[in-house]
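Source file: final19.csv. Holds: CSV, C-alpha atoms and all ligand atoms.
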chain,number,residue,atom,x,y,z
T,674,MET,CA,-3.9,65.2,12.3
T,675,LYS,CA,-4.4,62.7,15.1
T,676,VAL,CA,-4.8,59.2,13.6
T,677,GLY,CA,-6.1,56.4,15.7
T,678,ILE,CA,-5.5,52.6,15.2
T,679,PRO,CA,-7.9,50.6,17.4
T,680,LYS,CA,-7.6,46.9,18.0
T,681,GLU,CA,-10.1,45.0,15.8
T,682,ILE,CA,-12.7,43.4,18.0
T,683,LYS,CA,-14.8,41.5,15.4
T,684,ASN,CA,-14.6,37.8,16.0
T,685,ASN,CA,-11.5,36.1,14.7
T,686,GLU,CA,-10.0,39.3,13.1
T,687,SER,CA,-6.3,39.5,13.7
T,688,ARG,CA,-5.4,42.1,11.1
T,689,VAL,CA,-4.7,45.7,12.1
T,690,GLY,CA,-5.3,49.0,10.3
T,691,MET,CA,-1.7,50.1,10.1
T,692,THR,CA,1.8,48.6,10.3
T,693,PRO,CA,4.8,50.3,12.1
T,694,ALA,CA,6.0,51.2,8.6
T,695,GLY,CA,2.8,53.2,8.1
T,696,VAL,CA,3.1,54.9,11.4
T,697,PHE,CA,6.7,55.9,10.5
T,698,GLU,CA,5.5,57.7,7.4
T,699,LEU,CA,2.8,59.6,9.4
T,700,THR,CA,5.0,60.7,12.3
T,701,LYS,CA,7.6,61.8,9.8
T,702,LYS,CA,5.0,64.3,8.5
T,703,ASN,CA,4.4,65.4,12.1
T,704,HIS,CA,1.0,63.6,12.5
T,705,THR,CA,0.2,62.0,15.9
T,706,VAL,CA,-0.6,58.3,15.8
T,707,PHE,CA,-2.5,56.6,18.7
T,708,VAL,CA,-2.3,52.8,18.7
T,709,GLN,CA,-4.4,50.7,21.1
T,710,SER,CA,-2.2,48.5,23.2
T,711,THR,CA,-1.8,45.0,21.6
T,712,ALA,CA,-3.7,46.1,18.4
T,713,GLY,CA,-1.0,44.7,16.2
T,714,GLU,CA,-0.1,41.5,18.0
T,715,GLY,CA,-2.3,39.3,15.9
T,716,SER,CA,-0.4,40.4,12.9
T,717,GLY,CA,3.0,40.1,14.5
T,718,PHE,CA,3.5,43.8,15.4
T,719,PHE,CA,4.1,44.7,19.0
T,720,ASP,CA,3.6,47.9,21.0
T,721,LYS,CA,7.3,48.5,21.2
T,722,ASP,CA,7.5,48.3,17.3
T,723,TYR,CA,5.0,51.1,17.1
T,724,GLN,CA,6.6,53.1,19.9
T,725,GLU,CA,9.9,53.0,18.2
T,726,VAL,CA,8.4,54.9,15.2
T,727,GLY,CA,6.8,57.5,17.3
T,728,ALA,CA,3.3,56.1,18.1
T,729,THR,CA,1.6,56.7,21.4
T,730,ILE,CA,0.2,53.5,22.9
T,731,LEU,CA,-3.2,54.0,24.5
T,732,PRO,CA,-4.7,51.4,26.9
T,733,THR,CA,-8.3,51.2,25.7
T,734,ILE,CA,-10.3,51.4,22.6
T,735,GLU,CA,-12.3,54.3,24.1
T,736,ASP,CA,-9.1,56.3,24.5
T,737,VAL,CA,-8.2,55.8,20.8
T,738,TYR,CA,-11.6,56.8,19.5
T,739,ASN,CA,-11.8,59.8,22.0
T,740,GLN,CA,-8.5,61.3,21.0
T,741,SER,CA,-8.4,60.7,17.2
T,742,ASP,CA,-9.6,62.9,14.3
T,743,MET,CA,-9.3,59.9,11.9
T,744,ILE,CA,-9.8,56.2,12.8
T,745,VAL,CA,-8.0,53.7,10.5
T,746,LYS,CA,-9.3,50.1,10.7
T,747,VAL,CA,-9.7,46.9,8.8
T,748,LYS,CA,-13.3,45.6,9.4
T,749,GLU,CA,-16.5,47.5,9.7
T,750,PRO,CA,-17.3,48.8,13.2
T,751,ILE,CA,-19.4,46.4,15.2
T,752,ALA,CA,-22.2,47.4,17.5
T,753,LEU,CA,-19.9,47.9,20.5
T,754,GLU,CA,-18.0,50.5,18.5
T,755,TYR,CA,-21.0,52.5,17.3
T,756,PRO,CA,-21.2,54.8,20.4
T,757,LEU,CA,-17.5,55.5,20.2
T,758,ILE,CA,-17.7,57.2,16.8
T,759,ARG,CA,-18.4,60.9,17.0
T,760,GLU,CA,-19.5,63.8,14.8
T,761,ASN,CA,-16.9,64.9,12.2
T,762,GLN,CA,-14.6,62.0,13.0
T,763,ILE,CA,-13.2,60.3,9.8
T,764,VAL,CA,-13.5,56.5,9.7
T,765,PHE,CA,-11.5,54.8,7.0
T,766,THR,CA,-12.1,51.1,6.8
T,767,TYR,CA,-14.0,48.3,4.9
T,768,PHE,CA,-17.6,49.0,5.6
T,769,HIS,CA,-19.7,47.0,3.1
T,770,PHE,CA,-22.7,49.1,4.1
T,771,ALA,CA,-25.1,47.5,1.6
T,772,SER,CA,-25.0,44.3,3.6
T,773,SER,CA,-25.9,45.9,7.0
T,774,GLU,CA,-28.8,48.3,7.7
T,775,PRO,CA,-28.0,48.6,11.4
T,776,LEU,CA,-24.4,49.7,10.6
T,777,THR,CA,-25.6,52.2,8.0
T,778,LYS,CA,-28.1,53.7,10.4
T,779,ALA,CA,-25.6,53.9,13.2
T,780,MET,CA,-23.1,55.7,11.0
T,781,ILE,CA,-25.7,58.1,9.8
T,782,GLU,CA,-26.6,58.8,13.4
T,783,SER,CA,-22.9,59.3,14.4
T,784,LYS,CA,-22.5,62.2,11.8
T,785,SER,CA,-19.0,60.9,11.1
T,786,VAL,CA,-17.3,60.9,7.7
T,787,CYS,CA,-17.2,57.3,6.5
T,788,ILE,CA,-14.8,56.5,3.7
T,789,ALA,CA,-15.0,52.9,2.6
T,790,TYR,CA,-12.0,51.0,1.3
T,791,GLU,CA,-14.1,48.8,-1.0
T,792,THR,CA,-15.5,51.7,-3.0
T,793,VAL,CA,-12.3,53.6,-3.7
T,794,GLU,CA,-12.2,53.3,-7.4
T,795,ASP,CA,-9.5,54.0,-10.0
T,796,ALA,CA,-10.4,55.6,-13.4
T,797,ASP,CA,-10.3,52.2,-15.1
T,798,GLY,CA,-13.0,50.8,-12.7
T,799,THR,CA,-10.6,48.7,-10.7
T,800,LEU,CA,-10.8,48.7,-6.9
T,801,PRO,CA,-7.3,49.3,-5.6
T,802,LEU,CA,-8.1,48.6,-1.9
T,803,LEU,CA,-9.9,45.3,-2.7
T,804,THR,CA,-7.2,43.9,-5.0
T,805,PRO,CA,-4.7,42.9,-2.4
T,806,MET,CA,-7.2,40.8,-0.5
T,807,SER,CA,-8.2,39.0,-3.7
T,808,GLU,CA,-4.5,38.4,-4.4
T,809,VAL,CA,-4.2,36.8,-0.9
T,810,ALA,CA,-7.3,34.7,-1.3
T,811,GLY,CA,-6.4,33.5,-4.8
T,812,ARG,CA,-3.0,32.3,-3.8
T,813,MET,CA,-4.4,30.8,-0.6
T,814,ALA,CA,-7.1,28.9,-2.5
T,815,ILE,CA,-4.4,26.6,-3.9
T,816,GLN,CA,-2.6,26.2,-0.6
T,817,GLN,CA,-5.9,25.2,1.1
T,818,GLY,CA,-7.1,23.1,-1.9
T,819,ALA,CA,-3.8,21.2,-2.0
T,820,LYS,CA,-4.2,20.3,1.7
T,821,TYR,CA,-7.8,19.2,1.4
T,822,LEU,CA,-6.9,16.9,-1.5
T,823,GLU,CA,-5.1,14.7,1.1
T,824,LYS,CA,-6.8,11.5,1.9
T,825,PRO,CA,-7.1,11.9,5.8
T,826,ILE,CA,-9.3,15.0,5.2
T,827,LYS,CA,-11.4,13.1,2.7
T,828,GLY,CA,-9.7,14.4,-0.5
T,829,ARG,CA,-8.8,12.2,-3.5
T,830,GLY,CA,-5.4,11.6,-2.1
T,831,ILE,CA,-3.5,13.5,-4.8
T,832,LEU,CA,-0.3,15.4,-4.6
T,833,LEU,CA,-0.9,18.4,-6.9
T,834,GLY,CA,2.6,18.5,-8.3
T,835,GLY,CA,2.8,14.7,-9.0
T,836,VAL,CA,6.2,13.1,-8.8
T,837,PRO,CA,8.5,11.7,-11.6
T,838,GLY,CA,6.5,8.9,-13.2
T,839,VAL,CA,3.1,10.1,-11.8
T,840,ALA,CA,1.1,12.8,-13.6
T,841,PRO,CA,0.4,16.0,-11.6
T,842,GLY,CA,-3.1,16.9,-10.3
T,843,LYS,CA,-5.5,19.0,-12.4
T,844,VAL,CA,-6.8,22.4,-11.3
T,845,LEU,CA,-9.8,24.1,-12.8
T,846,VAL,CA,-10.1,27.9,-12.1
T,847,LEU,CA,-13.4,29.6,-12.8
T,848,GLY,CA,-12.8,33.3,-13.5
T,849,ALA,CA,-9.6,34.9,-14.7
T,850,GLY,CA,-9.7,38.0,-12.6
T,851,VAL,CA,-7.5,38.8,-9.7
T,852,VAL,CA,-8.4,35.7,-7.6
T,853,GLY,CA,-8.3,33.4,-10.7
T,854,VAL,CA,-4.9,34.6,-12.1
T,855,GLN,CA,-3.2,34.4,-8.7
T,856,ALA,CA,-4.7,30.9,-8.1
T,857,ALA,CA,-3.6,29.7,-11.6
T,858,LYS,CA,-0.1,31.1,-11.0
T,859,MET,CA,0.3,29.3,-7.7
T,860,ALA,CA,-1.1,26.0,-9.1
T,861,ALA,CA,1.2,26.2,-12.1
T,862,GLY,CA,4.1,26.9,-9.7
T,863,LEU,CA,3.4,23.7,-7.9
T,864,GLY,CA,3.5,21.9,-11.3
T,865,ALA,CA,-0.2,21.2,-11.5
T,866,HIS,CA,-2.0,21.1,-14.8
T,867,VAL,CA,-4.2,24.2,-14.8
T,868,THR,CA,-7.3,25.2,-16.9
T,869,ILE,CA,-8.6,28.7,-16.3
T,870,MET,CA,-12.0,29.9,-17.7
T,871,ASP,CA,-13.6,33.3,-18.2
T,872,ILE,CA,-16.2,34.9,-20.4
T,873,ASN,CA,-14.0,37.9,-21.0
T,874,MET,CA,-11.6,37.1,-23.9
T,875,LYS,CA,-9.3,40.0,-23.0
T,876,ARG,CA,-8.7,38.3,-19.6
T,877,LEU,CA,-8.0,35.0,-21.3
T,878,ARG,CA,-5.6,36.6,-23.8
T,879,TYR,CA,-3.8,38.2,-20.9
T,880,VAL,CA,-3.5,34.9,-19.0
T,881,ASN,CA,-2.3,33.2,-22.2
T,882,ASP,CA,0.4,35.9,-22.5
T,883,VAL,CA,1.7,35.9,-18.9
T,884,LEU,CA,1.3,32.4,-17.5
T,885,PRO,CA,3.3,29.3,-18.4
T,886,ASN,CA,2.3,27.0,-21.3
T,887,HIS,CA,0.9,24.3,-19.0
T,888,VAL,CA,-1.9,26.8,-18.0
T,889,THR,CA,-4.7,26.3,-20.6
T,890,THR,CA,-7.4,28.9,-21.1
T,891,ALA,CA,-11.0,28.0,-22.0
T,892,PHE,CA,-14.1,30.1,-22.7
T,893,SER,CA,-16.6,29.6,-19.9
T,894,SER,CA,-19.8,28.0,-20.8
T,895,GLU,CA,-22.1,25.5,-19.1
T,896,TYR,CA,-21.2,22.8,-21.7
T,897,SER,CA,-17.4,23.2,-21.2
T,898,ILE,CA,-17.7,23.4,-17.4
T,899,ARG,CA,-19.8,20.1,-17.4
T,900,GLN,CA,-17.0,18.4,-19.4
T,901,LEU,CA,-14.0,19.7,-17.4
T,902,ILE,CA,-15.3,19.0,-13.9
T,903,LYS,CA,-15.2,15.3,-14.7
T,904,SER,CA,-11.4,15.2,-14.9
T,905,HIS,CA,-10.2,18.0,-12.5
T,906,ASP,CA,-9.2,17.3,-8.9
T,907,LEU,CA,-9.4,20.9,-7.5
T,908,ILE,CA,-11.9,23.5,-8.7
T,909,ILE,CA,-11.5,27.1,-7.6
T,910,GLY,CA,-14.5,29.6,-7.8
T,911,GLY,CA,-13.2,33.1,-8.5
T,912,VAL,CA,-16.0,34.7,-10.6
T,913,LEU,CA,-17.5,38.1,-10.0
T,914,VAL,CA,-20.3,40.0,-11.7
T,915,LYS,CA,-19.8,43.6,-10.5
T,916,GLY,CA,-22.5,44.7,-8.2
T,917,GLY,CA,-24.4,41.4,-8.4
T,918,LYS,CA,-24.5,37.9,-7.0
T,919,ALA,CA,-22.1,35.3,-8.4
T,920,PRO,CA,-23.6,33.2,-11.2
T,921,LYS,CA,-24.2,29.5,-10.1
T,922,LEU,CA,-21.8,27.9,-12.6
T,923,ILE,CA,-21.8,24.5,-10.9
T,924,ARG,CA,-25.2,23.2,-9.7
T,925,LYS,CA,-25.9,20.4,-7.3
T,926,ASP,CA,-26.7,17.8,-9.9
T,927,MET,CA,-23.2,18.3,-11.4
T,928,LEU,CA,-21.5,17.2,-8.3
T,929,LYS,CA,-22.2,13.5,-9.2
T,930,ASP,CA,-20.1,14.1,-12.4
T,931,MET,CA,-17.0,14.8,-10.3
T,932,ARG,CA,-14.9,12.0,-8.9
T,933,PRO,CA,-15.2,11.3,-5.1
T,934,GLY,CA,-12.7,13.4,-3.2
T,935,THR,CA,-12.7,16.3,-5.6
T,936,VAL,CA,-12.1,19.6,-3.7
T,937,ILE,CA,-13.9,22.8,-4.5
T,938,VAL,CA,-12.7,26.1,-3.0
T,939,ASP,CA,-15.4,28.8,-3.5
T,940,VAL,CA,-13.6,32.1,-3.0
T,941,ALA,CA,-16.6,33.9,-4.4
T,942,VAL,CA,-18.6,32.8,-1.3
T,943,ASP,CA,-18.8,36.4,-0.1
T,944,GLN,CA,-21.0,37.2,-3.2
T,945,GLY,CA,-23.2,34.1,-2.7
T,946,GLY,CA,-20.7,31.7,-4.3
T,947,CYS,CA,-20.6,30.2,-7.8
T,948,PHE,CA,-21.5,26.6,-6.7
T,949,GLU,CA,-25.2,26.0,-5.9
T,950,THR,CA,-24.1,23.9,-2.8
T,951,THR,CA,-21.9,26.7,-1.3
T,952,LYS,CA,-22.6,27.9,2.2
T,953,ALA,CA,-20.2,30.1,4.1
T,954,THR,CA,-17.8,28.4,6.5
T,955,THR,CA,-15.2,29.7,9.0
T,956,HIS,CA,-11.5,29.0,9.6
T,957,GLU,CA,-12.5,26.9,12.7
T,958,ASP,CA,-14.6,24.6,10.6
T,959,PRO,CA,-13.7,25.4,6.9
T,960,THR,CA,-15.1,22.4,5.0
T,961,TYR,CA,-18.1,20.2,4.6
T,962,ILE,CA,-18.8,17.3,2.2
T,963,ILE,CA,-21.8,17.0,-0.2
T,964,ASP,CA,-22.0,14.0,-2.6
T,965,ASP,CA,-18.3,13.1,-1.8
T,966,VAL,CA,-17.1,16.5,-2.9
T,967,VAL,CA,-15.1,18.5,-0.3
T,968,HIS,CA,-16.4,22.1,-0.1
T,969,TYR,CA,-14.1,24.9,1.3
T,970,CYS,CA,-16.1,28.1,1.5
T,971,VAL,CA,-14.4,30.4,4.0
T,972,ALA,CA,-15.7,34.0,3.6
T,973,ASN,CA,-12.7,35.8,5.0
T,974,MET,CA,-9.8,33.8,3.7
T,975,PRO,CA,-7.2,36.6,4.2
T,976,GLY,CA,-8.0,36.6,8.0
T,977,ALA,CA,-6.0,33.3,8.3
T,978,VAL,CA,-2.8,35.0,7.2
T,979,PRO,CA,-2.9,38.3,9.1
T,980,TYR,CA,0.8,39.1,8.8
T,981,THR,CA,0.7,38.9,5.0
T,982,SER,CA,-2.8,40.5,4.7
T,983,THR,CA,-2.1,43.4,7.0
T,984,ILE,CA,1.1,44.4,5.1
T,985,ALA,CA,-0.6,43.9,1.7
T,986,LEU,CA,-3.6,46.0,2.8
T,987,THR,CA,-1.6,48.8,4.4
T,988,ASN,CA,0.7,49.0,1.4
T,989,VAL,CA,-2.3,50.2,-0.6
T,990,THR,CA,-4.2,52.2,2.0
T,991,LEU,CA,-1.2,54.3,3.2
T,992,PRO,CA,-1.0,56.8,0.3
T,993,TYR,CA,-4.7,57.6,0.9
T,994,ILE,CA,-4.2,57.9,4.7
T,995,LEU,CA,-1.3,60.2,4.2
T,996,ASN,CA,-3.3,62.3,1.7
T,997,ILE,CA,-6.3,62.6,4.1
T,998,ALA,CA,-4.0,63.4,7.1
T,999,ASN,CA,-2.0,66.0,5.1
T,1000,LYS,CA,-4.9,67.8,3.5
T,1001,GLY,CA,-8.0,66.9,5.4
T,1002,TRP,CA,-10.7,64.8,3.9
T,1003,GLU,CA,-12.5,67.5,1.9
T,1004,GLU,CA,-9.4,68.8,0.0
T,1005,ALA,CA,-8.0,65.2,-0.4
T,1006,CYS,CA,-11.3,64.0,-1.9
T,1007,THR,CA,-11.6,67.1,-4.2
T,1008,LYS,CA,-8.2,66.5,-5.6
T,1009,ASP,CA,-8.3,62.7,-5.8
T,1010,VAL,CA,-11.3,61.3,-7.7
T,1011,ALA,CA,-10.5,57.7,-6.8
T,1012,LEU,CA,-10.6,58.5,-3.0
T,1013,ALA,CA,-13.8,60.6,-3.4
T,1014,LYS,CA,-15.5,57.4,-4.7
T,1015,GLY,CA,-14.8,56.0,-1.2
T,1016,LEU,CA,-17.1,58.6,0.4
T,1017,ASN,CA,-20.2,56.6,1.6
T,1018,ILE,CA,-21.7,58.7,4.4
T,1019,ILE,CA,-20.9,62.3,5.2
T,1020,LYS,CA,-22.1,63.8,8.5
T,1021,GLY,CA,-25.4,61.9,8.5
T,1022,LYS,CA,-26.0,61.9,4.7
T,1023,ILE,CA,-25.6,58.9,2.4
T,1024,VAL,CA,-23.6,60.0,-0.6
T,1025,TYR,CA,-23.3,56.5,-2.3
T,1026,LYS,CA,-26.2,55.6,-4.5
T,1027,GLU,CA,-26.1,51.8,-4.0
T,1028,ILE,CA,-26.3,52.2,-0.2
T,1029,SER,CA,-29.4,54.4,-0.3
T,1030,GLU,CA,-31.0,52.0,-2.8
T,1031,ALA,CA,-30.3,49.0,-0.6
T,1032,PHE,CA,-32.4,50.5,2.3
T,1033,GLN,CA,-34.6,52.9,0.4
T,1034,LEU,CA,-32.9,55.8,2.2
T,1035,GLU,CA,-32.4,59.3,0.7
T,1036,ALA,CA,-29.1,59.9,-1.2
T,1037,PHE,CA,-27.3,63.2,-1.4
T,1038,GLU,CA,-24.5,64.7,-3.6
T,1039,ALA,CA,-21.0,64.3,-2.1
N,1101,LIG,N1,-13.5,34.5,0.3
N,1101,LIG,C1,-12.6,35.5,0.5
N,1101,LIG,O1,-12.0,35.6,1.5
N,1101,LIG,C2,-12.4,36.5,-0.6
N,1101,LIG,C3,-11.3,37.3,-0.6
N,1101,LIG,C4,-11.1,38.2,-1.6
N,1101,LIG,C5,-12.1,38.2,-2.7
N,1101,LIG,N2,-13.1,37.3,-2.7
N,1101,LIG,C6,-14.1,37.3,-3.8
N,1101,LIG,O2,-13.6,36.6,-4.9
N,1101,LIG,C7,-14.4,36.9,-6.0
N,1101,LIG,C8,-13.5,37.3,-7.2
N,1101,LIG,O3,-12.8,38.5,-7.0
N,1101,LIG,P1,-11.8,39.1,-8.0
N,1101,LIG,O4,-11.1,40.2,-7.3
N,1101,LIG,O5,-11.0,38.1,-8.7
N,1101,LIG,O6,-12.8,39.7,-9.1
N,1101,LIG,P2,-12.4,40.1,-10.6
N,1101,LIG,O7,-13.5,41.1,-11.0
N,1101,LIG,O8,-11.0,40.6,-10.7
N,1101,LIG,O9,-12.6,38.8,-11.5
N,1101,LIG,C9,-13.8,38.1,-11.7
N,1101,LIG,C10,-13.7,37.5,-13.0
N,1101,LIG,O10,-14.9,36.6,-13.1
N,1101,LIG,C11,-15.2,36.6,-14.5
N,1101,LIG,N3,-16.6,36.0,-14.7
N,1101,LIG,C12,-17.8,36.6,-14.6
N,1101,LIG,N4,-18.7,35.8,-15.0
N,1101,LIG,C13,-18.1,34.6,-15.3
N,1101,LIG,C14,-18.6,33.3,-15.8
N,1101,LIG,N5,-19.8,33.1,-16.0
N,1101,LIG,N6,-17.6,32.4,-16.1
N,1101,LIG,C15,-16.3,32.6,-15.9
N,1101,LIG,N7,-15.8,33.8,-15.5
N,1101,LIG,C16,-16.7,34.8,-15.2
N,1101,LIG,C17,-15.1,38.1,-14.9
N,1101,LIG,O11,-15.0,38.2,-16.3
N,1101,LIG,C18,-13.8,38.5,-14.2
N,1101,LIG,O12,-12.6,38.3,-15.0
N,1101,LIG,C19,-15.3,38.1,-5.6
N,1101,LIG,O13,-16.6,37.6,-5.3
N,1101,LIG,C20,-14.6,38.6,-4.3
N,1101,LIG,O14,-15.5,39.3,-3.5
N,1101,LIG,C21,-13.3,36.5,-1.6

Go ahead and render the structure in this file as structure tokens.
Ligand SMILES: NC(=O)c1ccc[n+]([C@@H]2O[C@H](COP(=O)([O-])OP(=O)(O)OC[C@H]3O[C@@H](n4cnc5c(N)ncnc54)[C@H](O)[C@@H]3O)[C@@H](O)[C@H]2O)c1
Amino acid sequence: MKVGIPKEIKNNESRVGMTPAGVFELTKKNHTVFVQSTAGEGSGFFDKDYQEVGATILPTIEDVYNQSDMIVKVKEPIALEYPLIRENQIVFTYFHFASSEPLTKAMIESKSVCIAYETVEDADGTLPLLTPMSEVAGRMAIQQGAKYLEKPIKGRGILLGGVPGVAPGKVLVLGAGVVGVQAAKMAAGLGAHVTIMDINMKRLRYVNDVLPNHVTTAFSSEYSIRQLIKSHDLIIGGVLVKGGKAPKLIRKDMLKDMRPGTVIVDVAVDQGGCFETTKATTHEDPTYIIDDVVHYCVANMPGAVPYTSTIALTNVTLPYILNIANKGWEEACTKDVALAKGLNIIKGKIVYKEISEAFQLEAFEA
């Protein structure tokens, strides 16, 4: 199969759809890989790295789309890319169709085969192609939170790990899923005192088993959150209600119960956020302050660490890419139920219920 890796052209996106290690695996199986010139530079991979493992470098994005049977990307195509996608072409990337009607309609019109990373689903309901980005965001939440606790950027002026003779900072993590556990692990590693909350006792038992003793678990309720925010320096929002908006666990009136300079990092901002005062920010201007509480609400946190994020993403996408390239999408999806769940739009027909419901469009069987 001819596989194309275009350069991401969405604003501020430095990740790339495949690493040279991925290209190596594809060319080993006699597939042809086209990489747009400089596509990997933002992630630290250069044209010569791709050439060394057998990729052909093409000068323009048009060349890559024109010559490839399957396009492998990171972000959803933007309007400039819509006319480049053609009938029967496979596009494997994050789409998040339900949040964009123009994108959905453009892909229906293109008659391409759209397989979305975010809906590939394992038998136990987990989303293997979303997990690595939650891992990155969870770990990064502590790195960012620790920075914004510094006084010059209006934080409380606290060193999370403390020093001998001075108590460490206190971190409250809302949600003990992928984001929450990774955040708790990082905070604990820095020596902070950590409290992690969830409404799922299985998750709290798991955390209690695997994380160190200075990580305390607590059942999430409004009462306990109201108590704990008074004494914690850094609060991480990592809750998710599958398919829905994040619940508002901290309302505006509760900010006054926090000490001035408390930092909140709302990782769940992409689902509306779990703080009432959350509004999405960017890496250029990541924070704002309300009632003396520093808010960090960047919607694409992994974008700031493209080297780590690109490798983490392609580690998990590569087996599916190889499968599609070796067998073609129809046979690959027939034999792999998890991959079949990634099918969103096939040759002009929506085959994923939530997308058709979002825009009152007709749905078909995959
Ligand atoms: N900002 C970013 O760059 C970025 C990156 C990756 C993920 N995210 C987002 O982070 C959020 C968390 O993702 P995840 O992969 O950890 O999800 P997850 O499903 O693994 O974990 C979510 C957890 O929240 C818990 N929860 C639900 N309601 C709760 C409540 N009322 N109180 C406490 N806990 C509650 C669930 O029981 C679950 O354990 C998602 O919204 C995801 O989209 C954002």

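For the choices T:Pro959, T:Gly834, T:Pro841, T:Gly1015, the atom-to-atom distance to Ala977 of chain T is smallest for T:Pro959 when using all atoms listed in the file.
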
- Message: To check your reading of the model: which residues sit at most 6 Å from ligand LIG 1101 (chain N) when counting all atoms listed in the file? Write the answer as a VMD selection string.
- Response: chain T and resid 804 806 to 807 810 847 to 853 870 to 873 893 911 to 914 940 to 944 971 to 975

- Query: Which residue gives the smallest distance to Asp926 of chain T among T:Gln855, T:Ser687, T:Ser904, T:Thr950, with all atoms listed in the file counted?
  - Reply: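 Closest residue, counting all atoms listed in the file: T:Thr950.
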
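Shortest atom-to-atom contact with Ala819 of chain T among T:Ser982, T:Thr990, T:Thr935, T:Asn685: T:Thr935, counting all atoms listed in the file.
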
- Item | Selection near Gly862 of chain T, 10 Å with only C-alpha atoms, sequence-local residues under 4 positions removed, as a VMD selection string | chain T and resid 834 856 to 858 866 884 to 885

- Identify which of the residues T:Ile815, T:Ile869, T:Leu699, T:Ala771 lies closest to Val726 of chain T, counting only C-alpha atoms when measuring atom-to-atom distances.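 Under the stated criterion, the closest residue is T:Leu699.
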
- Atomic separation - atom CA of Gly864 of chain T relative to atom CA of Gly835 of chain T, Å: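 Interatomic distance here is 7.6 Å.
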
- Task: May I ask which of the residues T:Ile909, T:Val745, T:Met859, T:Leu845 is the closest one to Gly946 of chain T, counting only C-alpha atoms?
- Result: T:Ile909

- Task: Using only C-alpha atoms, pick whichever of T:Lys675, T:Lys921, T:Lys903, T:Lys680 has the shortest atom-to-atom distance to Val706 of chain T.
- Result: T:Lys675

Which segment 688-774 of chain T residues have any atom within 12 Å of an atom of segment 781-784 of chain T, and for each, what is the nearest pair of atoms with distance in Å to one decimal, counting only C-alpha atoms, rows sorted by chain and number, as CSV?
residue,atom,partner,partner_atom,distance
T:Pro750,CA,T:Ser783,CA,12.0
T:Glu754,CA,T:Ser783,CA,10.9
T:Tyr755,CA,T:Ser783,CA,7.6
T:Pro756,CA,T:Ser783,CA,7.7
T:Leu757,CA,T:Ser783,CA,8.8
T:Ile758,CA,T:Ser783,CA,6.1
T:Arg759,CA,T:Ser783,CA,5.4
T:Glu760,CA,T:Lys784,CA,4.5
T:Asn761,CA,T:Lys784,CA,6.2
T:Gln762,CA,T:Lys784,CA,8.0
T:Ile763,CA,T:Lys784,CA,9.7
T:Val764,CA,T:Lys784,CA,10.9
T:Phe770,CA,T:Ile781,CA,11.1
T:Glu774,CA,T:Ile781,CA,10.5

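Atom CA of Ala919 of chain T sits 22.0 Å away from atom CA of Val867 of chain T.
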
- Task: Record the distance separating atom CA of Ala860 of chain T and atom CA of Ile908 of chain T, expressed in Å with one decimal.
- Result: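 These two atoms are separated by 11.1 Å.
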
- Task: Please tell me which residues are no farther than 6 Å from (0.5, 57.1, 18.6) in the file, counting all atoms listed in the file, and write them as a PyMOL selection string.
- Result: chain T and resi 705-708+728-730

List every residue of segment 882-990 of chain T that has an atom at most 12 Å from any atom of segment 994-1009 of chain T, and for each one report the closest atom pair and its distance in Å to one decimal, counting all atoms listed in the file, with rows sorted by chain and then by increasing residue number, as JSON lines.
{"residue": "T:Thr987", "atom": "CA", "partner": "T:Ile994", "partner_atom": "CA", "distance": 9.5}
{"residue": "T:Asn988", "atom": "CA", "partner": "T:Ile994", "partner_atom": "CA", "distance": 10.7}
{"residue": "T:Val989", "atom": "CA", "partner": "T:Ile994", "partner_atom": "CA", "distance": 9.5}
{"residue": "T:Thr990", "atom": "CA", "partner": "T:Ile994", "partner_atom": "CA", "distance": 6.3}

Give me, as an mmCIF file with C-alpha atoms, keeping the file's coordinate frame, all polymer residues having an atom no more than 10 Å from Gly798 of chain T, counting all atoms listed in the file and skipping those fewer than 4 positions away in the same chain.
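Dumped to result_9.cif:
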data_model
loop_
_atom_site.group_PDB
_atom_site.id
_atom_site.type_symbol
_atom_site.label_atom_id
_atom_site.label_comp_id
_atom_site.auth_asym_id
_atom_site.auth_seq_id
_atom_site.Cartn_x
_atom_site.Cartn_y
_atom_site.Cartn_z
ATOM 1 C CA VAL T 793 -12.300 53.600 -3.700
ATOM 2 C CA GLU T 794 -12.200 53.300 -7.400
ATOM 3 C CA ALA T 1011 -10.500 57.700 -6.800
#
